[in-house]
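> Can you keep this structure in mind? I'll have questions shortly.
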Number of protein chains: 2
Amino acid sequence: MSSRKRIVLLASLRHAVRLFIAGASFLSQRAADALGLHPTDMQFVNLLDLLGPMTPGALAQCSGLSSGGVTVVLDRLQKAGYVRRRRNPADRRSVLVHLNPARQKRVDANYKGAQKQFAQLTKQFSQRDLKVILRFFTASGAGRAPLLQNRIRKS
Amino acid sequence: MSSRKRIVLLASLRHAVRLFIAGASFLSQRAADALGLHPTDMQFVNLLDLLGPMTPGALAQCSGLSSGGVTVVLDRLQKAGYVRRRRNPADRRSVLVHLNPARQKRVDANYKGAQKQFAQLTKQFSQRDLKVILRFFTASGAGRAPLLQNRIRKS
DNA sequence: GAGATTGTCTTATTTACTAAGATTCTTGTA
DNA sequence: TACAAGAATCTTAGTAAATAAGACAATCTC
């Protein structure tokens with residue numbers, strides 16, 4: 001069952017995945033540059049776009065920044081019109097950070113190249129295969145769960 | 001051919017890929033923390049591990065750091081025993097940065113959790129499906145090519 | 001209602017990164 | 001060969017982002 005061929009295949013896959021991740025973080029940096037955002041700011045925008053409105057505390061956990069650092073980043077993003085702070089109806093001590101949809105469109109536009117590439121890429125796969133690939137990504141668990149785990153840093 | 005189902009599928013896939021990338025960069029940060037490295041240092045180690053020995057100039061391009069920034073990072077990594085600078089036989093003005101294989105093992109050990117997860121994950125797929133997935137990652141082109149393109153920053 | 005806790009923000013400090021120039025080697029031309 | 005122009009890395013001074021510790025406000029528990 002677990003033939004030698006499969007072992008080689010898994011090694012190739014592992015390498016390809018790592019290259020993919022390195023390339024992705026590279027592209028993300030380029031996108032941030034083009035928008036005049038810092039990489040950290042871009043990370044915040046991405047997190048909010050992917051996971052929806054969050055409290056600064058949750059953003060601190062997801063990003064690994066300290067509480068003070070989050071405040072600074074949010075101030076920057078708010079000043080530039082990317083986010084708004086709204087009261088959290090569930091807990092009035094805290095705040096919910098909302099992404100400005102208009103700005104988000106501009107951010108998406110900046111990824112147009114990657115989106116085109118994505119369209120080209122997926123065109124090469126049957127619907128069945130795309131389902132397999134989707135299952136791989138969702139099952140990888142590198143999604144919601146670990147993002148919301150606590151990080152090591154204190155404060 | 002391009003049914004509505006496919007469009008929905010592609011949207012899900014896009015979202016899953018983005019979550020995957022966010023989660024991966026999060027894991028990378030955790031790994032860096034655990035090793036006492038800065039995220040940038042970790043990025044360098046990854047790049048050298050994936051792409052082999054490179055000049056500081058190439059690392060500057062891949063990482064987006066300035067030339068001076070690269071020097072500082074390399075000094076740190078060299079002091080900690082992660083890399084060595086060797087003369088570049090092809091051009092003696094420049095230097096080739098080599099990863100220390102012994103240290104690299106330690107870095108790999110730190111990703112043990114992710115590797116286990118990877119093993120668990122791939123177990124759920126047939127060999128044929130794994131080939132499909134591999135093709136997706138390699139064809140994505142987020143590998144070698146864009147990593148070696150020039151970045152926007154100057155200096 | 002009092003005390004402890006949680007969530008965010010503020011301020012001072014540390015530290016990483018940038019920018020500009022210096023140094024060393026290479027390449028091309030006379 | 002000698003010289004000038006260019007390239008790759010390093011050095012140093014200055015900027016800016018992130019941390020750490022503490023302050024303030026709202027919530028929860030007893």
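The way I read the labels, and the way they are meant: chains A, B, ... in the order of the structure tokens, residue 1 as the first residue of every chain, and ligand 1 as the first ligand shown, with later ones counted on from there.
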Give me, as a compact mmCIF listing (two decimals) with C-alpha atoms, in the first residue's frame, the residues of chain A touching chain C, with the criterion being at most 12 Å (counting only C-alpha atoms (C1' of nucleotides)).

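Output below, filename iface-v8.txt:
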```txt
# COMPACT_ATOMS: atom_id res chain seq x y z
CA THR A 55 -11.80 42.19 18.52
CA PRO A 56 -8.30 43.64 18.81
CA GLY A 57 -7.52 40.89 21.28
CA ALA A 58 -8.37 38.21 18.75
CA ALA A 60 -3.39 40.00 18.65
CA SER A 66 1.34 42.51 21.47
CA SER A 67 -1.75 44.35 22.58
CA GLY A 68 -0.05 47.70 22.14
CA GLY A 69 1.17 46.76 18.73
CA VAL A 70 -2.33 45.92 17.62
CA THR A 71 -3.53 49.33 18.74
CA VAL A 72 -0.89 51.04 16.63
CA LEU A 74 -5.38 49.57 13.94
CA ASP A 75 -4.80 53.30 14.34
CA ARG A 85 -13.83 50.28 15.37
CA ARG A 87 -18.69 48.74 19.96
CA ASN A 88 -18.95 45.06 20.61
CA ASP A 91 -19.10 42.93 25.59
CA ARG A 92 -18.94 46.67 25.92
CA ARG A 93 -15.40 46.70 27.23
CA SER A 94 -14.20 45.55 23.90
CA VAL A 95 -14.37 46.66 20.32
CA LEU A 96 -15.14 44.95 17.04
CA SER A 155 1.00 40.34 27.25
```
> Least-squares align chain A to chain B using all Cα atoms paired by position, then dump the moved coordinates as a CSV table (one decimal) with C-alpha atoms, in the first residue's frame.

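Just written: superposed17.csv:
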```csv
chain,number,residue,atom,x,y,z
A,1,MET,CA,-18.8,23.2,-19.1
A,2,SER,CA,-18.3,26.1,-16.7
A,3,SER,CA,-21.4,25.4,-14.7
A,4,ARG,CA,-22.7,27.4,-11.7
A,5,LYS,CA,-21.5,24.6,-9.5
A,6,ARG,CA,-18.0,25.1,-10.7
A,7,ILE,CA,-18.1,28.8,-9.9
A,8,VAL,CA,-19.1,28.1,-6.4
A,9,LEU,CA,-16.4,25.4,-6.1
A,10,LEU,CA,-13.8,27.9,-7.3
A,11,ALA,CA,-14.9,30.4,-4.8
A,12,SER,CA,-14.6,27.9,-2.0
A,13,LEU,CA,-11.2,26.8,-3.2
A,14,ARG,CA,-10.0,30.4,-3.3
A,15,HIS,CA,-11.1,31.0,0.2
A,16,ALA,CA,-9.6,27.7,1.4
A,17,VAL,CA,-6.3,28.6,-0.2
A,18,ARG,CA,-6.2,32.0,1.5
A,19,LEU,CA,-7.0,30.5,4.9
A,20,PHE,CA,-4.3,27.9,4.3
A,21,ILE,CA,-1.8,30.6,3.6
A,22,ALA,CA,-2.8,32.6,6.6
A,23,GLY,CA,-2.5,29.5,8.8
A,24,ALA,CA,0.8,28.6,7.3
A,25,SER,CA,2.4,32.0,8.0
A,26,PHE,CA,1.0,31.7,11.5
A,27,LEU,CA,2.7,28.4,12.0
A,28,SER,CA,5.9,29.7,10.7
A,29,GLN,CA,5.8,32.5,13.2
A,30,ARG,CA,5.3,30.0,16.0
A,31,ALA,CA,8.2,27.9,14.8
A,32,ALA,CA,10.4,31.0,14.7
A,33,ASP,CA,9.4,31.9,18.3
A,34,ALA,CA,10.2,28.4,19.5
A,35,LEU,CA,13.7,28.6,18.0
A,36,GLY,CA,14.3,32.1,19.3
A,37,LEU,CA,14.5,33.4,15.7
A,38,HIS,CA,12.8,36.5,14.3
A,39,PRO,CA,10.3,35.9,11.6
A,40,THR,CA,12.7,37.4,9.0
A,41,ASP,CA,15.4,35.0,10.1
A,42,MET,CA,13.1,32.1,9.8
A,43,GLN,CA,12.2,33.3,6.3
A,44,PHE,CA,15.9,33.3,5.4
A,45,VAL,CA,16.4,29.8,6.7
A,46,ASN,CA,13.4,28.6,4.8
A,47,LEU,CA,14.5,30.2,1.6
A,48,LEU,CA,18.0,28.7,1.9
A,49,ASP,CA,16.6,25.3,2.7
A,50,LEU,CA,14.2,25.4,-0.3
A,51,LEU,CA,16.3,27.0,-2.9
A,52,GLY,CA,19.8,26.1,-1.9
A,53,PRO,CA,22.8,28.4,-1.3
A,54,MET,CA,22.3,31.9,-2.5
A,55,THR,CA,24.1,35.3,-2.5
A,56,PRO,CA,22.9,38.0,-0.1
A,57,GLY,CA,21.7,39.9,-3.1
A,58,ALA,CA,19.4,37.1,-4.1
A,59,LEU,CA,18.2,36.9,-0.5
A,60,ALA,CA,17.4,40.6,-0.6
A,61,GLN,CA,15.3,40.1,-3.7
A,62,CYS,CA,13.5,37.1,-2.3
A,63,SER,CA,12.8,38.6,1.1
A,64,GLY,CA,12.3,42.2,0.1
A,65,LEU,CA,14.8,43.4,2.6
A,66,SER,CA,17.3,46.1,1.8
A,67,SER,CA,20.9,45.2,1.3
A,68,GLY,CA,21.9,46.4,4.7
A,69,GLY,CA,19.1,44.6,6.3
A,70,VAL,CA,20.2,41.3,4.8
A,71,THR,CA,23.7,41.9,6.2
A,72,VAL,CA,22.3,42.3,9.7
A,73,VAL,CA,20.1,39.2,9.4
A,74,LEU,CA,22.9,37.1,8.1
A,75,ASP,CA,25.2,38.3,10.9
A,76,ARG,CA,22.6,37.2,13.4
A,77,LEU,CA,22.1,33.8,11.7
A,78,GLN,CA,25.8,33.3,11.4
A,79,LYS,CA,26.5,34.1,15.0
A,80,ALA,CA,23.8,31.6,16.0
A,81,GLY,CA,25.4,29.0,13.7
A,82,TYR,CA,22.6,28.7,11.2
A,83,VAL,CA,24.5,29.9,8.1
A,84,ARG,CA,28.0,30.3,6.8
A,85,ARG,CA,29.3,32.7,4.3
A,86,ARG,CA,31.6,31.2,1.7
A,87,ARG,CA,33.3,32.8,-1.3
A,88,ASN,CA,31.3,32.5,-4.5
A,89,PRO,CA,33.6,30.7,-7.0
A,90,ALA,CA,31.6,32.2,-9.8
A,91,ASP,CA,32.1,35.8,-8.7
A,92,ARG,CA,34.6,36.7,-6.1
A,93,ARG,CA,33.0,40.0,-5.2
A,94,SER,CA,30.0,38.2,-3.8
A,95,VAL,CA,29.4,35.6,-1.2
A,96,LEU,CA,27.3,32.4,-1.1
A,97,VAL,CA,25.3,31.8,2.0
A,98,HIS,CA,25.2,28.2,3.0
A,99,LEU,CA,22.8,26.7,5.5
A,100,ASN,CA,24.4,24.6,8.3
A,101,PRO,CA,22.9,21.1,7.8
A,102,ALA,CA,23.1,20.2,11.5
A,103,ARG,CA,21.1,23.3,12.5
A,104,GLN,CA,18.7,22.6,9.7
A,105,LYS,CA,17.9,19.3,11.3
A,106,ARG,CA,17.0,21.1,14.4
A,107,VAL,CA,14.7,23.4,12.5
A,108,ASP,CA,13.0,20.5,10.9
A,109,ALA,CA,12.5,18.9,14.2
A,110,ASN,CA,10.7,22.0,15.2
A,111,TYR,CA,8.2,21.4,12.5
A,112,LYS,CA,7.5,17.9,13.7
A,113,GLY,CA,3.9,18.8,14.5
A,114,ALA,CA,3.3,20.1,11.0
A,115,GLN,CA,4.9,17.1,9.5
A,116,LYS,CA,2.7,14.7,11.5
A,117,GLN,CA,-0.3,16.7,10.4
A,118,PHE,CA,0.9,16.4,6.9
A,119,ALA,CA,1.3,12.7,7.1
A,120,GLN,CA,-2.2,12.4,8.6
A,121,LEU,CA,-3.6,14.6,5.9
A,122,THR,CA,-2.0,12.8,3.0
A,123,LYS,CA,-3.1,9.5,4.3
A,124,GLN,CA,-6.6,10.4,3.3
A,125,PHE,CA,-5.8,10.6,-0.4
A,126,SER,CA,-5.1,8.0,-3.0
A,127,GLN,CA,-1.9,8.1,-4.9
A,128,ARG,CA,-3.7,9.4,-8.0
A,129,ASP,CA,-5.3,12.2,-6.0
A,130,LEU,CA,-1.9,13.1,-4.5
A,131,LYS,CA,-0.6,13.5,-8.0
A,132,VAL,CA,-3.4,15.9,-8.8
A,133,ILE,CA,-2.6,17.9,-5.7
A,134,LEU,CA,1.0,18.0,-6.5
A,135,ARG,CA,0.3,19.2,-10.0
A,136,PHE,CA,-1.8,22.0,-8.5
A,137,PHE,CA,1.0,23.2,-6.3
A,138,THR,CA,3.7,23.0,-8.8
A,139,ALA,CA,1.6,24.5,-11.6
A,140,SER,CA,0.6,27.3,-9.3
A,141,GLY,CA,3.9,28.9,-10.2
A,142,ALA,CA,4.1,30.4,-6.7
A,143,GLY,CA,7.4,28.6,-6.5
A,144,ARG,CA,10.7,29.4,-7.9
A,145,ALA,CA,9.8,31.9,-10.6
A,146,PRO,CA,8.1,34.7,-8.6
A,147,LEU,CA,10.5,34.3,-5.8
A,148,LEU,CA,13.3,35.3,-8.0
A,149,GLN,CA,11.6,38.2,-9.7
A,150,ASN,CA,12.7,41.6,-8.7
A,151,ARG,CA,10.8,43.4,-6.0
A,152,ILE,CA,9.6,46.9,-6.0
A,153,ARG,CA,11.9,48.3,-3.3
A,154,LYS,CA,15.0,50.1,-4.2
A,155,SER,CA,18.6,49.9,-2.9
```
> Distance table requested - chain D against chain A, cut-off 10 Å, only C-alpha atoms (C1' of nucleotides): one row per qualifying residue with the closest atom pair and its distance in Å to one decimal, ordered by chain and rising residue number, as JSON lines.

```
{"residue": "D:DA17", "atom": "C1'", "partner": "A:Gly69", "partner_atom": "CA", "distance": 8.4}
{"residue": "D:DA18", "atom": "C1'", "partner": "A:Gly69", "partner_atom": "CA", "distance": 6.0}
{"residue": "D:DT19", "atom": "C1'", "partner": "A:Ser66", "partner_atom": "CA", "distance": 6.9}
{"residue": "D:DA20", "atom": "C1'", "partner": "A:Ser155", "partner_atom": "CA", "distance": 7.9}
{"residue": "D:DA21", "atom": "C1'", "partner": "A:Ser155", "partner_atom": "CA", "distance": 9.4}
{"residue": "D:DA25", "atom": "C1'", "partner": "A:Arg93", "partner_atom": "CA", "distance": 6.9}
{"residue": "D:DA26", "atom": "C1'", "partner": "A:Arg93", "partner_atom": "CA", "distance": 4.7}
{"residue": "D:DT27", "atom": "C1'", "partner": "A:Arg93", "partner_atom": "CA", "distance": 7.5}
```
> Pick out each residue of region 65-117 of chain A that DSSP on the backbone tags as helix (DSSP H, G or I); I need them as a short mmCIF file (atom, residue, chain, number, x, y, z; two decimals) with C-alpha atoms, in the first residue's frame.

```
data_model
loop_
_atom_site.label_atom_id
_atom_site.label_comp_id
_atom_site.auth_asym_id
_atom_site.auth_seq_id
_atom_site.Cartn_x
_atom_site.Cartn_y
_atom_site.Cartn_z
CA SER A 67 -1.75 44.35 22.58
CA GLY A 68 -0.05 47.70 22.14
CA GLY A 69 1.17 46.76 18.73
CA VAL A 70 -2.33 45.92 17.62
CA THR A 71 -3.53 49.33 18.74
CA VAL A 72 -0.89 51.04 16.63
CA VAL A 73 -1.65 48.97 13.55
CA LEU A 74 -5.38 49.57 13.94
CA ASP A 75 -4.80 53.30 14.34
CA ARG A 76 -2.86 53.28 11.10
CA LEU A 77 -5.47 51.25 9.26
CA GLN A 78 -8.30 53.34 10.64
CA LYS A 79 -6.60 56.58 9.64
CA PRO A 101 -15.96 47.05 2.18
CA ALA A 102 -15.10 49.81 -0.29
CA ARG A 103 -11.44 49.61 0.61
CA GLN A 104 -11.56 45.87 0.52
CA LYS A 105 -12.53 46.04 -3.12
CA ARG A 106 -9.44 48.07 -3.78
CA VAL A 107 -7.34 45.48 -2.00
CA ASP A 108 -8.90 42.72 -4.06
CA ALA A 109 -8.18 44.66 -7.21
CA ASN A 110 -4.57 44.63 -6.22
CA LYS A 112 -5.92 40.83 -9.74
CA GLY A 113 -2.77 39.22 -11.06
CA ALA A 114 -2.98 36.40 -8.58
CA GLN A 115 -6.66 35.95 -9.35
CA LYS A 116 -5.97 35.67 -13.05
CA GLN A 117 -3.28 33.15 -12.31
#
```
> I need the strand (DSSP E) residues of region 39-155 of chain A per DSSP on the backbone, written as a PDB file with N, CA and C atoms, in the first residue's frame.

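Result file follows (result.pdb):
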```pdb
ATOM      1  N   VAL A  83     -10.277  50.254   8.166  1.00  0.00           N
ATOM      2  CA  VAL A  83     -11.093  49.601   9.186  1.00  0.00           C
ATOM      3  C   VAL A  83     -11.832  50.636  10.021  1.00  0.00           C
ATOM      4  N   ARG A  84     -12.856  50.144  10.712  1.00  0.00           N
ATOM      5  CA  ARG A  84     -13.569  50.966  11.686  1.00  0.00           C
ATOM      6  C   ARG A  84     -13.678  50.197  12.987  1.00  0.00           C
ATOM      7  N   ARG A  85     -13.607  50.904  14.073  1.00  0.00           N
ATOM      8  CA  ARG A  85     -13.832  50.275  15.368  1.00  0.00           C
ATOM      9  C   ARG A  85     -15.266  50.541  15.791  1.00  0.00           C
ATOM     10  N   ARG A  86     -15.970  49.473  16.091  1.00  0.00           N
ATOM     11  CA  ARG A  86     -17.350  49.619  16.555  1.00  0.00           C
ATOM     12  C   ARG A  86     -17.475  48.928  17.904  1.00  0.00           C
ATOM     13  N   ARG A  87     -18.451  49.388  18.673  1.00  0.00           N
ATOM     14  CA  ARG A  87     -18.685  48.737  19.962  1.00  0.00           C
ATOM     15  C   ARG A  87     -19.027  47.281  19.728  1.00  0.00           C
ATOM     16  N   VAL A  95     -14.118  45.976  21.580  1.00  0.00           N
ATOM     17  CA  VAL A  95     -14.375  46.660  20.320  1.00  0.00           C
ATOM     18  C   VAL A  95     -14.380  45.616  19.225  1.00  0.00           C
ATOM     19  N   LEU A  96     -15.196  45.832  18.209  1.00  0.00           N
ATOM     20  CA  LEU A  96     -15.136  44.955  17.044  1.00  0.00           C
ATOM     21  C   LEU A  96     -14.551  45.733  15.877  1.00  0.00           C
ATOM     22  N   VAL A  97     -13.544  45.183  15.275  1.00  0.00           N
ATOM     23  CA  VAL A  97     -12.908  45.841  14.143  1.00  0.00           C
ATOM     24  C   VAL A  97     -13.574  45.366  12.865  1.00  0.00           C
ATOM     25  N   HIS A  98     -14.107  46.317  12.113  1.00  0.00           N
ATOM     26  CA  HIS A  98     -14.784  45.993  10.859  1.00  0.00           C
ATOM     27  C   HIS A  98     -13.947  46.480   9.690  1.00  0.00           C
ATOM     28  N   LEU A  99     -13.920  45.675   8.661  1.00  0.00           N
ATOM     29  CA  LEU A  99     -13.224  46.057   7.442  1.00  0.00           C
ATOM     30  C   LEU A  99     -14.151  46.925   6.607  1.00  0.00           C
TER      31      LEU A  99
END
```
